[in-house]
Amino acid sequence: MTVTRNIPIWLHDLQHGRRKAKERAFEAFLDAWHARLYRYIRRMMGNHEDAADVTQETLIQVYRSAERFEGRSAFSTWVYTIASRKALDALDKRNRHRTLEFDEAFAHAHTTLATDVLFTGDEIERRLHAAVVALPPRQRQVFTLRYFEALPFAAISEMTDLTEGSLKASYHHAVKKITQYVTLEA
């Protein structure tokens, strides 16, 4: 089954265009998606440097794979799937030799965000983002896609190949952990 809703006008040229048309289409894709992808990946990675690297890898993958997008899902679902896989792979590589308890991970992320010149939030936002970064990668992904990106569980399920029930459970556990740390006295 092909999904025809919300197909960007430039997608055809990105998939089938000649070099110049494909370049223009990719520029249109960047205009529409770069900031959104960077924000999502930044929330997943927790810092600018890693987020910039993973965002670049995601953009390259979309460019190289555009011809393979078949429309079985929404274009946004396809793009977020690529971004999620790239972010989870990067998190896996980064965390392979390091396991921190949630309290330690929160303290580390909170300190990192406090010194990050690109983070402009207040203390509550810093605590929220630090708590998100401290979550296990799958909970972080589900929470970020649902809370910040406002994606329905059905779309997240399509991206992750997890049931909506398990996604809702992951989201619920993430909300409980985050709430505990956001509401602590500073």
# chains A, B, ... in the order shown; residues from 1 in each chain; ligands from 1
call {"tool": "select_by_dssp", "arguments": {"residues": "segment 10-182 of chain A", "states": "helix (DSSP H, G or I)", "output": "PyMOL selection string"}}
result
chain A and resi 11-16+19-45+48-68+75-95+102-114+123-134+137-148+153-160+164-182
call {"tool": "residues_around", "arguments": {"residues": "Tyr171 of chain A", "least_positions_apart": "3", "cutoff": "6 Å", "atoms": "only C-alpha atoms", "output": "MDAnalysis selection string"}}
result
chainID A and resid 143 168 174
call {"tool": "residues_around", "arguments": {"residues": "segment 77-91 of chain A", "least_positions_apart": "2", "cutoff": "10 Å", "atoms": "only C-alpha atoms", "output": "VMD selection string"}}
result
chain A and resid 33 36 to 38 40 to 46 50 to 51 53 to 59 61 to 62 65 to 66 69 to 75 93 to 96 136 to 138 140 to 142 145 149 151 155 to 160
call {"tool": "write_last_selection", "arguments": {"atoms": "N, CA and C atoms", "output": "CSV table (one decimal), in the first residue's frame"}}
result
chain,number,residue,atom,x,y,z
A,33,TRP,N,13.9,20.5,6.4
A,33,TRP,CA,14.2,19.5,7.4
A,33,TRP,C,15.4,19.7,8.3
A,36,ARG,N,14.7,20.9,12.0
A,36,ARG,CA,13.9,19.9,12.7
A,36,ARG,C,14.7,18.6,13.0
A,37,LEU,N,15.5,18.1,12.1
A,37,LEU,CA,16.3,17.0,12.3
A,37,LEU,C,17.4,17.3,13.4
A,38,TYR,N,18.0,18.4,13.3
A,38,TYR,CA,19.0,18.8,14.2
A,38,TYR,C,18.4,18.8,15.7
A,40,TYR,N,15.8,17.3,16.9
A,40,TYR,CA,15.5,15.9,17.3
A,40,TYR,C,16.8,15.2,17.7
A,41,ILE,N,17.8,15.2,16.9
A,41,ILE,CA,19.0,14.5,17.1
A,41,ILE,C,19.7,15.1,18.3
A,42,ARG,N,19.7,16.4,18.4
A,42,ARG,CA,20.3,17.1,19.6
A,42,ARG,C,19.7,16.6,20.9
A,43,ARG,N,18.4,16.4,20.9
A,43,ARG,CA,17.8,15.9,22.1
A,43,ARG,C,18.2,14.5,22.4
A,44,MET,N,18.4,13.7,21.3
A,44,MET,CA,18.8,12.3,21.5
A,44,MET,C,20.3,12.3,21.9
A,45,MET,N,21.1,13.1,21.4
A,45,MET,CA,22.6,13.0,21.6
A,45,MET,C,23.0,13.8,22.9
A,46,GLY,N,22.3,14.9,23.2
A,46,GLY,CA,22.6,15.6,24.4
A,46,GLY,C,23.7,16.7,24.2
A,50,ASP,N,28.1,16.0,18.8
A,50,ASP,CA,27.5,14.7,18.4
A,50,ASP,C,26.3,14.9,17.5
A,51,ALA,N,25.4,15.9,17.9
A,51,ALA,CA,24.2,16.1,17.1
A,51,ALA,C,24.5,16.6,15.7
A,53,ASP,N,27.2,16.0,14.0
A,53,ASP,CA,27.8,14.8,13.2
A,53,ASP,C,26.7,13.9,12.8
A,54,VAL,N,25.8,13.5,13.7
A,54,VAL,CA,24.7,12.6,13.4
A,54,VAL,C,23.7,13.2,12.4
A,55,THR,N,23.5,14.5,12.5
A,55,THR,CA,22.6,15.2,11.6
A,55,THR,C,23.2,15.1,10.2
A,56,GLN,N,24.5,15.4,10.1
A,56,GLN,CA,25.1,15.3,8.7
A,56,GLN,C,25.0,13.9,8.2
A,57,GLU,N,25.3,12.9,9.0
A,57,GLU,CA,25.2,11.5,8.5
A,57,GLU,C,23.7,11.2,8.0
A,58,THR,N,22.8,11.7,8.8
A,58,THR,CA,21.3,11.5,8.4
A,58,THR,C,21.0,12.2,7.1
A,59,LEU,N,21.5,13.4,6.9
A,59,LEU,CA,21.2,14.1,5.6
A,59,LEU,C,21.8,13.4,4.5
A,61,GLN,N,22.5,10.2,4.3
A,61,GLN,CA,21.8,9.0,4.1
A,61,GLN,C,20.5,9.2,3.3
A,62,VAL,N,19.8,10.3,3.7
A,62,VAL,CA,18.5,10.6,3.0
A,62,VAL,C,18.8,10.9,1.5
A,65,SER,N,19.6,7.7,-0.3
A,65,SER,CA,18.5,6.7,-0.3
A,65,SER,C,17.2,7.2,-0.8
A,66,ALA,N,17.1,8.4,-1.3
A,66,ALA,CA,15.9,8.9,-1.7
A,66,ALA,C,15.2,8.1,-2.7
A,69,PHE,N,12.8,5.4,-1.3
A,69,PHE,CA,11.6,5.8,-0.6
A,69,PHE,C,10.4,5.4,-1.5
A,70,GLU,N,9.6,4.5,-1.0
A,70,GLU,CA,8.5,3.9,-1.8
A,70,GLU,C,7.2,4.5,-1.5
A,71,GLY,N,7.1,5.3,-0.4
A,71,GLY,CA,5.8,5.9,-0.1
A,71,GLY,C,4.9,4.9,0.7
A,72,ARG,N,5.5,3.9,1.3
A,72,ARG,CA,4.7,2.9,2.1
A,72,ARG,C,4.3,3.6,3.5
A,73,SER,N,5.1,4.6,3.8
A,73,SER,CA,4.8,5.3,5.0
A,73,SER,C,4.9,6.8,4.7
A,74,ALA,N,4.6,7.6,5.6
A,74,ALA,CA,4.7,9.1,5.3
A,74,ALA,C,6.2,9.4,5.2
A,75,PHE,N,6.5,10.4,4.4
A,75,PHE,CA,7.9,10.8,4.2
A,75,PHE,C,8.6,11.2,5.5
A,93,LYS,N,27.6,3.4,20.2
A,93,LYS,CA,29.1,3.5,20.1
A,93,LYS,C,29.6,4.3,21.2
A,94,ARG,N,29.0,5.4,21.5
A,94,ARG,CA,29.5,6.3,22.6
A,94,ARG,C,29.4,5.6,24.0
A,95,ASN,N,28.3,4.8,24.2
A,95,ASN,CA,28.0,4.3,25.5
A,95,ASN,C,28.5,2.8,25.7
A,96,ARG,N,29.1,2.3,24.7
A,96,ARG,CA,29.5,0.9,24.7
A,96,ARG,C,30.4,0.5,25.9
A,136,PRO,N,17.5,5.7,29.2
A,136,PRO,CA,18.1,4.7,28.2
A,136,PRO,C,17.7,5.1,26.8
A,137,PRO,N,18.5,4.7,25.8
A,137,PRO,CA,18.3,5.2,24.5
A,137,PRO,C,16.9,5.0,23.9
A,138,ARG,N,16.3,3.8,24.1
A,138,ARG,CA,15.0,3.6,23.5
A,138,ARG,C,13.9,4.5,24.2
A,140,ARG,N,14.5,7.3,25.5
A,140,ARG,CA,14.8,8.7,25.1
A,140,ARG,C,14.2,8.9,23.7
A,141,GLN,N,14.4,7.9,22.8
A,141,GLN,CA,13.8,8.0,21.5
A,141,GLN,C,12.3,8.2,21.5
A,142,VAL,N,11.6,7.3,22.2
A,142,VAL,CA,10.2,7.3,22.3
A,142,VAL,C,9.7,8.6,22.9
A,145,LEU,N,10.3,11.6,20.4
A,145,LEU,CA,9.4,11.6,19.3
A,145,LEU,C,8.0,12.0,19.7
A,149,GLU,N,8.5,16.0,19.3
A,149,GLU,CA,8.1,16.0,17.9
A,149,GLU,C,6.6,15.8,17.7
A,151,LEU,N,4.7,13.2,17.5
A,151,LEU,CA,4.3,12.2,16.6
A,151,LEU,C,3.4,11.2,17.3
A,155,ALA,N,2.8,6.3,14.3
A,155,ALA,CA,3.9,6.6,13.5
A,155,ALA,C,5.2,6.1,14.1
A,156,ILE,N,5.3,6.3,15.4
A,156,ILE,CA,6.5,5.8,16.1
A,156,ILE,C,6.6,4.3,16.0
A,157,SER,N,5.5,3.6,16.1
A,157,SER,CA,5.5,2.2,16.0
A,157,SER,C,6.0,1.8,14.6
A,158,GLU,N,5.6,2.5,13.6
A,158,GLU,CA,6.0,2.2,12.2
A,158,GLU,C,7.5,2.4,12.1
A,159,MET,N,8.1,3.4,12.8
A,159,MET,CA,9.5,3.7,12.7
A,159,MET,C,10.3,2.6,13.4
A,160,THR,N,9.8,2.2,14.6
A,160,THR,CA,10.7,1.4,15.5
A,160,THR,C,10.3,-0.1,15.4
call {"tool": "closest_residue", "arguments": {"among": "A:Glu123, A:Glu23, A:Ser170, A:Asp31", "to": "Pro8 of chain A", "atoms": "only C-alpha atoms"}}
result
A:Asp31
call {"tool": "atom_distance", "arguments": {"atom1": "atom CA of Phe106 of chain A", "atom2": "atom CA of Leu118 of chain A"}}
result
18.7 Å
call {"tool": "atom_distance", "arguments": {"atom1": "atom CA of Gly121 of chain A", "atom2": "atom CA of Pro152 of chain A"}}
result
25.9 Å
call {"tool": "closest_residue", "arguments": {"among": "A:Ala169, A:Ala150, A:Ile9, A:Ala114", "to": "Ala28 of chain A", "atoms": "only C-alpha atoms"}}
result
A:Ile9
call {"tool": "closest_residue", "arguments": {"among": "A:Lys176, A:His34, A:Arg68, A:His48", "to": "His12 of chain A", "atoms": "only C-alpha atoms"}}
result
A:Arg68
call {"tool": "closest_residue", "arguments": {"among": "A:Val182, A:Ala131, A:Ala109, A:Ala52", "to": "Thr144 of chain A", "atoms": "only C-alpha atoms"}}
result
A:Ala131
